[in-house]
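Pasting work15.pdb here (PDB, C-alpha atoms):
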```pdb
ATOM      1  CA  MET A   1      91.489 125.233 117.650
ATOM      2  CA  LYS A   2      88.981 127.959 116.709
ATOM      3  CA  THR A   3      86.417 125.269 115.934
ATOM      4  CA  ALA A   4      86.831 123.878 119.454
ATOM      5  CA  VAL A   5      86.154 127.301 121.024
ATOM      6  CA  PHE A   6      83.123 128.126 118.873
ATOM      7  CA  THR A   7      81.425 124.722 119.204
ATOM      8  CA  CYS A   8      81.905 124.222 122.913
ATOM      9  CA  PHE A   9      78.575 125.867 123.707
ATOM     10  CA  THR A  10      76.834 122.486 123.658
ATOM     11  CA  GLY A  11      77.456 119.924 126.352
ATOM     12  CA  ALA A  12      77.763 117.047 123.894
ATOM     13  CA  LEU A  13      80.529 118.709 121.904
ATOM     14  CA  CYS A  14      82.353 119.741 125.072
ATOM     15  CA  MET A  15      82.220 116.162 126.295
ATOM     16  CA  GLY A  16      83.607 115.060 122.938
ATOM     17  CA  LEU A  17      86.526 117.455 123.259
ATOM     18  CA  VAL A  18      87.191 116.364 126.833
ATOM     19  CA  GLY A  19      87.088 112.746 125.710
ATOM     20  CA  THR A  20      89.612 113.522 122.987
ATOM     21  CA  GLY A  21      91.904 115.093 125.553
ATOM     22  CA  LEU A  22      91.637 112.065 127.810
ATOM     23  CA  ALA A  23      92.327 109.757 124.863
ATOM     24  CA  GLN A  24      95.443 111.753 123.988
ATOM     25  CA  THR A  25      96.626 111.610 127.598
ATOM     26  CA  THR A  26      96.006 107.865 127.736
ATOM     27  CA  SER A  27      97.809 107.476 124.422
ATOM     28  CA  LYS A  28     100.849 109.281 125.793
ATOM     29  CA  ASN A  29     100.835 107.077 128.891
ATOM     30  CA  VAL A  30     100.677 103.956 126.717
ATOM     31  CA  ASP A  31     103.575 105.229 124.645
ATOM     32  CA  GLN A  32     105.717 105.916 127.734
ATOM     33  CA  ALA A  33     105.083 102.462 129.189
ATOM     34  CA  TYR A  34     105.787 100.633 125.934
ATOM     35  CA  PRO A  35     107.544  98.274 125.620
ATOM     36  CA  SER A  36     107.753  96.490 128.955
ATOM     37  CA  LYS A  37     108.440  92.971 127.632
ATOM     38  CA  PRO A  38     109.970  91.236 124.578
ATOM     39  CA  ILE A  39     108.392  91.796 121.146
ATOM     40  CA  ARG A  40     107.732  89.073 118.577
ATOM     41  CA  PHE A  41     108.484  89.891 114.917
ATOM     42  CA  VAL A  42     106.658  87.303 112.795
ATOM     43  CA  VAL A  43     108.042  86.393 109.353
ATOM     44  CA  GLY A  44     105.923  84.341 106.963
ATOM     45  CA  PHE A  45     108.878  82.662 105.268
ATOM     46  CA  GLY A  46     111.851  80.541 106.263
ATOM     47  CA  ALA A  47     115.177  81.849 107.522
ATOM     48  CA  GLY A  48     117.643  83.191 104.980
ATOM     49  CA  GLY A  49     115.245  84.814 102.500
ATOM     50  CA  GLY A  50     114.904  88.519 101.781
ATOM     51  CA  ASN A  51     111.878  88.954 104.051
ATOM     52  CA  ASP A  52     113.695  87.231 106.896
ATOM     53  CA  MET A  53     116.957  89.128 106.476
ATOM     54  CA  ILE A  54     115.396  92.593 106.619
ATOM     55  CA  ALA A  55     113.316  91.539 109.636
ATOM     56  CA  ARG A  56     116.459  90.395 111.449
ATOM     57  CA  THR A  57     118.278  93.608 110.572
ATOM     58  CA  VAL A  58     115.410  95.737 111.891
ATOM     59  CA  SER A  59     114.919  93.545 114.984
ATOM     60  CA  ARG A  60     118.538  94.030 116.054
ATOM     61  CA  LYS A  61     118.209  97.800 115.783
ATOM     62  CA  LEU A  62     114.870  97.815 117.632
ATOM     63  CA  THR A  63     116.281  95.694 120.440
ATOM     64  CA  ASP A  64     118.853  98.431 121.035
ATOM     65  CA  SER A  65     116.527 101.424 120.665
ATOM     66  CA  LEU A  66     113.494 100.039 122.535
ATOM     67  CA  GLY A  67     115.409  98.389 125.353
ATOM     68  CA  GLN A  68     113.529  95.111 124.947
ATOM     69  CA  GLN A  69     114.455  92.059 122.930
ATOM     70  CA  VAL A  70     112.765  91.839 119.517
ATOM     71  CA  ILE A  71     112.631  88.169 118.541
ATOM     72  CA  VAL A  72     112.181  87.037 114.923
ATOM     73  CA  ASP A  73     109.638  84.222 114.703
ATOM     74  CA  ASN A  74     109.659  82.376 111.357
ATOM     75  CA  ARG A  75     106.256  80.870 110.541
ATOM     76  CA  PRO A  76     106.441  79.711 106.900
ATOM     77  CA  GLY A  77     103.424  78.280 105.147
ATOM     78  CA  GLY A  78     100.908  79.188 102.490
ATOM     79  CA  ALA A  79     103.131  81.872 100.913
ATOM     80  CA  GLY A  80     102.967  83.940 104.094
ATOM     81  CA  ILE A  81      99.279  83.347 104.799
ATOM     82  CA  VAL A  82      99.855  81.256 107.949
ATOM     83  CA  ALA A  83     101.877  84.056 109.556
ATOM     84  CA  ALA A  84      99.469  86.762 108.421
ATOM     85  CA  VAL A  85      96.515  85.014 110.039
ATOM     86  CA  MET A  86      98.502  84.511 113.241
ATOM     87  CA  VAL A  87      99.320  88.212 113.527
ATOM     88  CA  ALA A  88      95.807  89.305 112.554
ATOM     89  CA  LYS A  89      94.470  87.325 115.539
ATOM     90  CA  ALA A  90      97.154  88.491 117.995
ATOM     91  CA  PRO A  91      96.359  91.009 120.771
ATOM     92  CA  PRO A  92      96.621  94.614 119.456
ATOM     93  CA  ASP A  93      99.160  95.652 122.079
ATOM     94  CA  GLY A  94     102.310  96.290 120.051
ATOM     95  CA  TYR A  95     104.031  93.063 121.076
ATOM     96  CA  THR A  96     103.422  91.248 117.782
ATOM     97  CA  LEU A  97     104.812  92.705 114.548
ATOM     98  CA  PHE A  98     104.439  91.254 111.066
ATOM     99  CA  ALA A  99     107.009  91.436 108.275
ATOM    100  CA  GLY A 100     104.482  91.936 105.495
ATOM    101  CA  SER A 101     105.231  91.964 101.784
ATOM    102  CA  ILE A 102     103.711  92.788  98.428
ATOM    103  CA  SER A 103     102.145  89.325  98.345
ATOM    104  CA  THR A 104     100.756  89.125 101.883
ATOM    105  CA  LEU A 105      99.511  92.727 101.942
ATOM    106  CA  ALA A 106      98.489  93.388  98.321
ATOM    107  CA  THR A 107      98.391  90.547  95.788
ATOM    108  CA  ASN A 108      96.988  87.686  97.888
ATOM    109  CA  VAL A 109      93.580  89.357  97.953
ATOM    110  CA  SER A 110      93.190  88.871  94.199
ATOM    111  CA  MET A 111      94.954  85.525  93.969
ATOM    112  CA  HIS A 112      92.826  83.714  96.583
ATOM    113  CA  ALA A 113      89.056  83.402  96.374
ATOM    114  CA  LYS A 114      88.755  82.951 100.154
ATOM    115  CA  LEU A 115      91.694  84.619 101.858
ATOM    116  CA  PRO A 116      91.458  83.940 105.631
ATOM    117  CA  TYR A 117      92.443  87.513 106.527
ATOM    118  CA  ASP A 118      91.856  91.023 105.188
ATOM    119  CA  PRO A 119      95.071  93.057 104.717
ATOM    120  CA  ILE A 120      93.208  96.364 105.056
ATOM    121  CA  ARG A 121      90.808  95.497 107.878
ATOM    122  CA  ASP A 122      93.049  93.262 110.013
ATOM    123  CA  PHE A 123      96.275  95.294 110.172
ATOM    124  CA  ALA A 124      97.500  98.743 111.140
ATOM    125  CA  PRO A 125     100.344  99.784 108.789
ATOM    126  CA  VAL A 126     103.562 101.033 110.406
ATOM    127  CA  THR A 127     105.976 101.645 107.539
ATOM    128  CA  VAL A 128     107.641 100.278 104.418
ATOM    129  CA  THR A 129     111.025  98.747 105.200
ATOM    130  CA  THR A 130     112.491  98.215 101.744
ATOM    131  CA  MET A 131     111.665  98.459  98.043
ATOM    132  CA  SER A 132     113.533  96.332  95.511
ATOM    133  CA  PRO A 133     113.295  96.212  91.712
ATOM    134  CA  TYR A 134     113.992  93.200  89.523
ATOM    135  CA  VAL A 135     116.465  92.791  86.682
ATOM    136  CA  MET A 136     115.033  91.452  83.441
ATOM    137  CA  ALA A 137     117.495  88.775  82.357
ATOM    138  CA  LEU A 138     117.782  86.411  79.384
ATOM    139  CA  ASN A 139     119.495  83.126  78.767
ATOM    140  CA  PRO A 140     122.545  84.000  76.605
ATOM    141  CA  SER A 141     121.204  81.816  73.773
ATOM    142  CA  VAL A 142     118.408  84.307  73.079
ATOM    143  CA  PRO A 143     119.560  86.472  70.139
ATOM    144  CA  ALA A 144     118.531  89.837  71.553
ATOM    145  CA  ALA A 145     120.982  92.557  72.518
ATOM    146  CA  ASN A 146     118.400  94.882  74.063
ATOM    147  CA  LEU A 147     114.791  95.032  75.207
ATOM    148  CA  LYS A 148     113.354  96.218  71.888
ATOM    149  CA  GLU A 149     115.000  93.305  70.093
ATOM    150  CA  PHE A 150     113.612  90.841  72.646
ATOM    151  CA  ILE A 151     110.077  92.178  72.293
ATOM    152  CA  ALA A 152     110.365  91.944  68.507
ATOM    153  CA  LEU A 153     111.553  88.325  68.801
ATOM    154  CA  ALA A 154     108.711  87.455  71.153
ATOM    155  CA  LYS A 155     106.238  88.830  68.633
ATOM    156  CA  THR A 156     107.724  86.809  65.786
ATOM    157  CA  SER A 157     105.301  84.211  64.535
ATOM    158  CA  GLY A 158     106.192  80.668  65.585
ATOM    159  CA  ARG A 159     108.804  81.668  68.202
ATOM    160  CA  LYS A 160     107.977  80.276  71.662
ATOM    161  CA  PHE A 161     109.420  81.804  74.816
ATOM    162  CA  ASN A 162     108.914  80.850  78.466
ATOM    163  CA  TYR A 163     109.580  82.911  81.562
ATOM    164  CA  ALA A 164     110.344  81.759  85.106
ATOM    165  CA  SER A 165     108.894  83.124  88.321
ATOM    166  CA  ALA A 166     109.794  82.483  91.948
ATOM    167  CA  GLY A 167     106.247  81.237  92.546
ATOM    168  CA  THR A 168     102.697  81.912  91.418
ATOM    169  CA  GLY A 169     100.960  85.051  92.637
ATOM    170  CA  GLY A 170     103.827  87.019  94.146
ATOM    171  CA  GLY A 171     105.238  90.327  92.991
ATOM    172  CA  ASN A 172     107.850  88.565  90.887
ATOM    173  CA  HIS A 173     105.227  86.644  88.897
ATOM    174  CA  LEU A 174     102.776  89.514  88.479
ATOM    175  CA  SER A 175     105.436  92.059  87.517
ATOM    176  CA  GLN A 176     106.228  89.830  84.527
ATOM    177  CA  GLU A 177     102.547  89.504  83.666
ATOM    178  CA  LEU A 178     102.287  93.298  83.726
ATOM    179  CA  PHE A 179     105.271  93.497  81.391
ATOM    180  CA  LYS A 180     103.690  91.018  78.968
ATOM    181  CA  THR A 181     100.478  93.028  78.872
ATOM    182  CA  MET A 182     102.126  96.410  78.383
ATOM    183  CA  ALA A 183     104.632  95.086  75.812
ATOM    184  CA  GLY A 184     101.908  93.259  73.881
ATOM    185  CA  ILE A 185     103.667  89.885  73.855
ATOM    186  CA  GLU A 186     102.773  86.346  74.886
ATOM    187  CA  ILE A 187     105.243  84.294  76.950
ATOM    188  CA  ALA A 188     104.367  81.152  78.890
ATOM    189  CA  HIS A 189     104.722  81.195  82.682
ATOM    190  CA  VAL A 190     106.779  78.479  84.423
ATOM    191  CA  PRO A 191     106.678  78.815  88.244
ATOM    192  CA  TYR A 192     109.517  77.612  90.474
ATOM    193  CA  LYS A 193     109.999  77.439  94.229
ATOM    194  CA  GLY A 194     112.030  80.504  95.015
ATOM    195  CA  ALA A 195     114.666  82.693  93.401
ATOM    196  CA  ALA A 196     117.400  80.040  93.497
ATOM    197  CA  GLU A 197     115.436  77.517  91.374
ATOM    198  CA  GLN A 198     114.197  80.336  89.140
ATOM    199  CA  THR A 199     117.757  81.507  88.421
ATOM    200  CA  THR A 200     119.055  77.978  87.842
ATOM    201  CA  ALA A 201     116.275  77.353  85.311
ATOM    202  CA  LEU A 202     117.208  80.491  83.388
ATOM    203  CA  ILE A 203     120.935  79.685  83.365
ATOM    204  CA  SER A 204     120.285  76.119  82.183
ATOM    205  CA  GLY A 205     117.998  77.259  79.376
ATOM    206  CA  GLU A 206     114.808  75.663  80.706
ATOM    207  CA  VAL A 207     113.294  79.127  80.248
ATOM    208  CA  GLN A 208     114.419  82.060  78.137
ATOM    209  CA  MET A 209     113.549  85.077  80.297
ATOM    210  CA  SER A 210     112.928  86.041  83.910
ATOM    211  CA  PHE A 211     112.724  88.966  86.327
ATOM    212  CA  ILE A 212     115.123  88.186  89.181
ATOM    213  CA  GLN A 213     116.171  89.959  92.369
ATOM    214  CA  VAL A 214     119.079  92.337  91.840
ATOM    215  CA  GLN A 215     121.444  90.794  94.385
ATOM    216  CA  VAL A 216     120.822  87.319  92.949
ATOM    217  CA  VAL A 217     121.125  88.061  89.254
ATOM    218  CA  LEU A 218     123.867  90.698  88.923
ATOM    219  CA  PRO A 219     126.735  88.288  89.784
ATOM    220  CA  GLN A 220     125.407  85.923  87.098
ATOM    221  CA  VAL A 221     125.190  88.738  84.551
ATOM    222  CA  ARG A 222     128.719  89.922  85.331
ATOM    223  CA  ALA A 223     130.012  86.348  85.010
ATOM    224  CA  GLY A 224     128.414  86.038  81.571
ATOM    225  CA  ARG A 225     125.991  83.284  82.569
ATOM    226  CA  LEU A 226     123.008  85.551  81.966
ATOM    227  CA  LYS A 227     122.253  88.594  79.857
ATOM    228  CA  GLY A 228     120.837  91.611  81.709
ATOM    229  CA  LEU A 229     118.482  93.768  79.636
ATOM    230  CA  ALA A 230     116.721  96.226  81.926
ATOM    231  CA  ILE A 231     115.575  97.128  85.432
ATOM    232  CA  THR A 232     111.931  97.234  86.532
ATOM    233  CA  SER A 233     112.129 100.383  88.684
ATOM    234  CA  ALA A 234     111.381 103.933  87.534
ATOM    235  CA  GLN A 235     115.037 104.979  87.885
ATOM    236  CA  ARG A 236     118.312 103.267  87.083
ATOM    237  CA  LEU A 237     120.298 101.649  89.875
ATOM    238  CA  ALA A 238     123.547 103.153  91.115
ATOM    239  CA  ILE A 239     125.125  99.684  91.305
ATOM    240  CA  ALA A 240     124.144  98.892  87.695
ATOM    241  CA  PRO A 241     124.047 102.227  85.843
ATOM    242  CA  ASP A 242     124.343 100.603  82.405
ATOM    243  CA  LEU A 243     121.002  98.824  82.790
ATOM    244  CA  PRO A 244     118.192 101.004  81.414
ATOM    245  CA  THR A 245     114.753 100.958  82.955
ATOM    246  CA  ILE A 246     112.094  98.995  81.093
ATOM    247  CA  ALA A 247     110.158 102.246  80.699
ATOM    248  CA  GLU A 248     112.997 104.112  78.991
ATOM    249  CA  ALA A 249     114.140 101.119  76.931
ATOM    250  CA  ALA A 250     110.890 100.081  75.291
ATOM    251  CA  VAL A 251     107.732 100.140  77.458
ATOM    252  CA  PRO A 252     106.818 103.695  78.578
ATOM    253  CA  GLY A 253     105.042 103.861  81.914
ATOM    254  CA  TYR A 254     106.159 100.448  83.138
ATOM    255  CA  GLU A 255     107.248 100.212  86.779
ATOM    256  CA  ALA A 256     107.216  97.357  89.271
ATOM    257  CA  THR A 257     109.023  96.817  92.543
ATOM    258  CA  SER A 258     108.936  94.242  95.276
ATOM    259  CA  TRP A 259     108.433  95.705  98.731
ATOM    260  CA  GLN A 260     108.261  94.776 102.379
ATOM    261  CA  GLY A 261     106.812  96.561 105.369
ATOM    262  CA  VAL A 262     105.845  96.255 109.002
ATOM    263  CA  VAL A 263     102.230  96.040 110.160
ATOM    264  CA  VAL A 264     100.640  95.272 113.516
ATOM    265  CA  PRO A 265      97.186  93.953 114.461
ATOM    266  CA  ALA A 266      94.337  96.386 113.830
ATOM    267  CA  GLY A 267      93.381  98.269 116.965
ATOM    268  CA  THR A 268      96.938  98.732 118.195
ATOM    269  CA  PRO A 269      97.092 102.131 120.000
ATOM    270  CA  ARG A 270      98.166 104.932 117.702
ATOM    271  CA  ALA A 271     100.908 106.004 120.098
ATOM    272  CA  ILE A 272     102.509 102.560 119.807
ATOM    273  CA  VAL A 273     102.192 102.563 116.015
ATOM    274  CA  ASP A 274     103.843 105.987 115.912
ATOM    275  CA  ARG A 275     106.615 104.891 118.270
ATOM    276  CA  LEU A 276     107.350 101.840 116.131
ATOM    277  CA  HIS A 277     107.354 103.982 113.007
ATOM    278  CA  VAL A 278     109.907 106.370 114.496
ATOM    279  CA  GLU A 279     112.212 103.606 115.724
ATOM    280  CA  ILE A 280     111.994 101.499 112.548
ATOM    281  CA  SER A 281     112.631 104.578 110.401
ATOM    282  CA  LYS A 282     115.746 105.372 112.440
ATOM    283  CA  ALA A 283     116.914 101.783 112.018
ATOM    284  CA  LEU A 284     116.466 101.963 108.242
ATOM    285  CA  GLN A 285     118.417 105.218 108.040
ATOM    286  CA  ALA A 286     121.415 103.816 109.929
ATOM    287  CA  THR A 287     124.510 103.996 107.745
ATOM    288  CA  ASP A 288     125.251 100.276 107.859
ATOM    289  CA  VAL A 289     121.673  99.376 106.912
ATOM    290  CA  LYS A 290     121.480 101.890 104.062
ATOM    291  CA  ASP A 291     124.872 100.804 102.696
ATOM    292  CA  ARG A 292     123.804  97.172 102.724
ATOM    293  CA  MET A 293     120.530  97.926 100.955
ATOM    294  CA  THR A 294     122.262 100.054  98.323
ATOM    295  CA  ALA A 295     124.714  97.226  97.648
ATOM    296  CA  GLU A 296     121.736  94.914  97.102
ATOM    297  CA  GLY A 297     119.936  97.344  94.813
ATOM    298  CA  SER A 298     117.251  98.160  97.362
ATOM    299  CA  THR A 299     115.918 101.412  98.800
ATOM    300  CA  ALA A 300     115.266 101.922 102.499
ATOM    301  CA  GLY A 301     111.708 102.828 103.450
ATOM    302  CA  GLY A 302     110.390 104.757 106.433
ATOM    303  CA  ILE A 303     107.213 106.432 105.140
ATOM    304  CA  ALA A 304     104.506 107.449 107.635
ATOM    305  CA  PRO A 305     101.762 104.987 108.621
ATOM    306  CA  ALA A 306      99.074 106.899 106.703
ATOM    307  CA  ALA A 307     101.223 106.972 103.580
ATOM    308  CA  PHE A 308     101.894 103.248 103.898
ATOM    309  CA  ALA A 309      98.151 102.577 104.240
ATOM    310  CA  ALA A 310      97.489 104.540 101.051
ATOM    311  CA  PHE A 311     100.317 102.710  99.287
ATOM    312  CA  ILE A 312      98.910  99.293 100.237
ATOM    313  CA  LYS A 313      95.507 100.272  98.840
ATOM    314  CA  SER A 314      97.002 101.550  95.570
ATOM    315  CA  GLU A 315      99.138  98.424  95.146
ATOM    316  CA  THR A 316      96.113  96.215  95.817
ATOM    317  CA  VAL A 317      94.184  97.907  93.012
ATOM    318  CA  LYS A 318      97.141  97.870  90.617
ATOM    319  CA  TRP A 319      97.866  94.169  90.976
ATOM    320  CA  ALA A 320      94.191  93.192  91.042
ATOM    321  CA  ASN A 321      93.962  94.507  87.486
ATOM    322  CA  VAL A 322      97.036  92.500  86.483
ATOM    323  CA  VAL A 323      95.605  89.326  88.030
ATOM    324  CA  LYS A 324      92.321  89.855  86.204
ATOM    325  CA  LEU A 325      93.995  90.371  82.834
ATOM    326  CA  SER A 326      96.417  87.466  83.263
ATOM    327  CA  GLY A 327      93.925  85.008  84.706
ATOM    328  CA  ALA A 328      96.493  84.046  87.361
ATOM    329  CA  LYS A 329      95.277  81.862  90.213
ATOM    330  CA  ALA A 330      96.896  80.582  93.388
ATOM    331  CA  GLU A 331      98.404  77.111  93.126
TER
END
```

Can you dump the structure from the file as structure tokens?
Amino acid sequence: MKTAVFTCFTGALCMGLVGTGLAQTTSKNVDQAYPSKPIRFVVGFGAGGGNDMIARTVSRKLTDSLGQQVIVDNRPGGAGIVAAVMVAKAPPDGYTLFAGSISTLATNVSMHAKLPYDPIRDFAPVTVTTMSPYVMALNPSVPAANLKEFIALAKTSGRKFNYASAGTGGGNHLSQELFKTMAGIEIAHVPYKGAAEQTTALISGEVQMSFIQVQVVLPQVRAGRLKGLAITSAQRLAIAPDLPTIAEAAVPGYEATSWQGVVVPAGTPRAIVDRLHVEISKALQATDVKDRMTAEGSTAGGIAPAAFAAFIKSETVKWANVVKLSGAKAE
């Protein structure tokens, strides 16, 4: 405020300060009028998946808190690219939201030579909705009781191991490539179409190892169909306290999580972005939502837009290095 007083001797600076005041007033007016019609929440994958389920959970809460219907619009195609392009081209008025993910907002940039959108330039981040680690699981036929034993086996001359992913280029695939690099082992990648096929392949013995979503793999581990070795997050999970983290078990410094978040078209008024952040954060902190996420091994988000923007940039750099080292390319 002192700077404003001392620099207001020049007409140009005074005009700048007046303009700022008008912008703030306009911003408040926009915030008070919003929303005045239904909101579309675009999901880049089909109904029933993790991205879709969190979007539907948030949309129900927003419908109540905003007083306007928030409609989930599934637009699958191109591993989320079709939906991302659609939202990037939508009017920046707060009536089109995008359920972004680690792939659409961070890894696609490195996986595709000509991505038809720019995650940094084309979107305004609102907040992270959820963060979810993977469980490293083995087919029971693999003679390893812990992570150190598995790494030693993988390094044994002549022993060939394969690992399954839920698809090339996503967080699930690249988190396993990061593990290979940091553990100093070589395991062949076999991509599948989604977590269900990935899990089936591991149970049947088509592959020996895989990182799989917590809620998908824990029932299989508890039934004895798979062998759980470790968790990819930095801390152990409350629902699986006996599973060590990969970092504590054998690979110091390793951490990888899948994440999802809400973004809107670039240029959306800041007041609307802030309003959405507040309402989505409240939705994520609701007891029923937090309990459900905890049961699935996930953590509710809610970080500020600026923090989410910084997170997207850091994740983009992190996974770009993994893509470069692994030589991974989009299918």

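Between CA of Gln215 in chain A and CA of Ala166 in chain A there is a distance of 14.5 Å.
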
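Within a radius of 9 Å around (98.6, 85.8, 85.0), the polymer residues are Thr168, Gly169, His173, Leu174, Gln176, Glu177, Leu178, His189, Val322, Val323, Lys324, Leu325, Ser326, Gly327, Ala328 and Lys329 of chain A, counting all atoms listed in the file.
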
Against range 289-303 of chain A, which residues of range 139-219 of chain A fall within 10 Å? For each one I want the closest pair of atoms and the distance in Å (one decimal), counting only C-alpha atoms, rows by chain and increasing residue number, as JSON lines.
```
{"residue": "A:Gln213", "atom": "CA", "partner": "A:Gly297", "partner_atom": "CA", "distance": 8.6}
{"residue": "A:Val214", "atom": "CA", "partner": "A:Gly297", "partner_atom": "CA", "distance": 5.9}
{"residue": "A:Gln215", "atom": "CA", "partner": "A:Glu296", "partner_atom": "CA", "distance": 4.9}
{"residue": "A:Val216", "atom": "CA", "partner": "A:Glu296", "partner_atom": "CA", "distance": 8.7}
{"residue": "A:Leu218", "atom": "CA", "partner": "A:Glu296", "partner_atom": "CA", "distance": 9.4}
```

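One finds CA of Ser65 in chain A at 14.3 Å from CA of Ala33 in chain A.
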
Query raised in the report: Written as a ChimeraX atom specification, which residues does the PyMOL selection byres ((chain A and resi 126) around 10) give for the file shown?
Result: /A:97-98,123-125,127-129,261-264,270,272-278,280-281,302-309

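Distances here use all atoms listed in the file; by that measure, the residue among A:Lys37, A:Lys160, A:Gly80, A:Gly44 closest to Thr63 in chain A is A:Lys37.
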
Requested in this report: For the structure provided, state which residues fall under the PyMOL selection byres ((chain A and resi 132) around 6), and present them as JSON, numbers by chain.
Outcome: {"A": [131, 133, 257, 258, 298]}

Query - Two-atom distance - CA of Gly167 in chain A, CA of Lys193 in chain A (Å) - result: 5.6 Å

Query raised in the report: Once the PyMOL selection byres ((chain A and resi 142) around 10) has been applied to the shown file, what residues remain in the selection, as an MDAnalysis selection string?
Result: chainID A and resid 138:141 143:145 150 153 161 205 208:209 227

Centre, x/y/z edge lengths, axis-aligned box for range 283-299 of chain A with 8 Å per side, as AutoDock Vina command-line options:
```
--center_x 120.6 --center_y 100.1 --center_z 103.4 --size_x 25.3 --size_y 26.3 --size_z 33.2
```

Requested in this report: Extract, using only C-alpha atoms, all DNA, RNA and protein residues at most 12 Å from range 241-248 of chain A, discarding same-chain residues fewer than 4 positions from it, and format them as JSON, numbers by chain.
Outcome: {"A": [133, 134, 135, 136, 137, 146, 147, 148, 150, 151, 175, 176, 178, 179, 180, 182, 183, 211, 214, 218, 221, 222, 227, 228, 229, 230, 231, 232, 233, 234, 235, 236, 237, 252, 253, 254, 255, 256, 257, 297]}

Requested in this report: For range 103-111 of chain A, list every protein, DNA or RNA residue within 8 Å, evaluated using all atoms listed in the file, and leave out those in the same chain fewer than 4 positions away; present the list as a PyMOL selection string.
Outcome: chain A and resi 79-81+84+115+118-120+169-171+312-313+315-316+319-320+323+328-330

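The closest residue to Gly194 in chain A, picked from A:Ala164, A:Gly100, A:Pro265, A:Val43 and counting only C-alpha atoms, is A:Ala164.
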
**Report entry** Minimum-distance residue to His112 in chain A, chosen among A:Ile54, A:Val190, A:Gly48, A:Gly78 (using only C-alpha atoms)
**Finding:** A:Gly78

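Distances from A:Ser210, A:Ser165, A:Ser204, A:Gln220 to Tyr192 in chain A were compared using all atoms listed in the file, and the smallest one belongs to A:Ser165.
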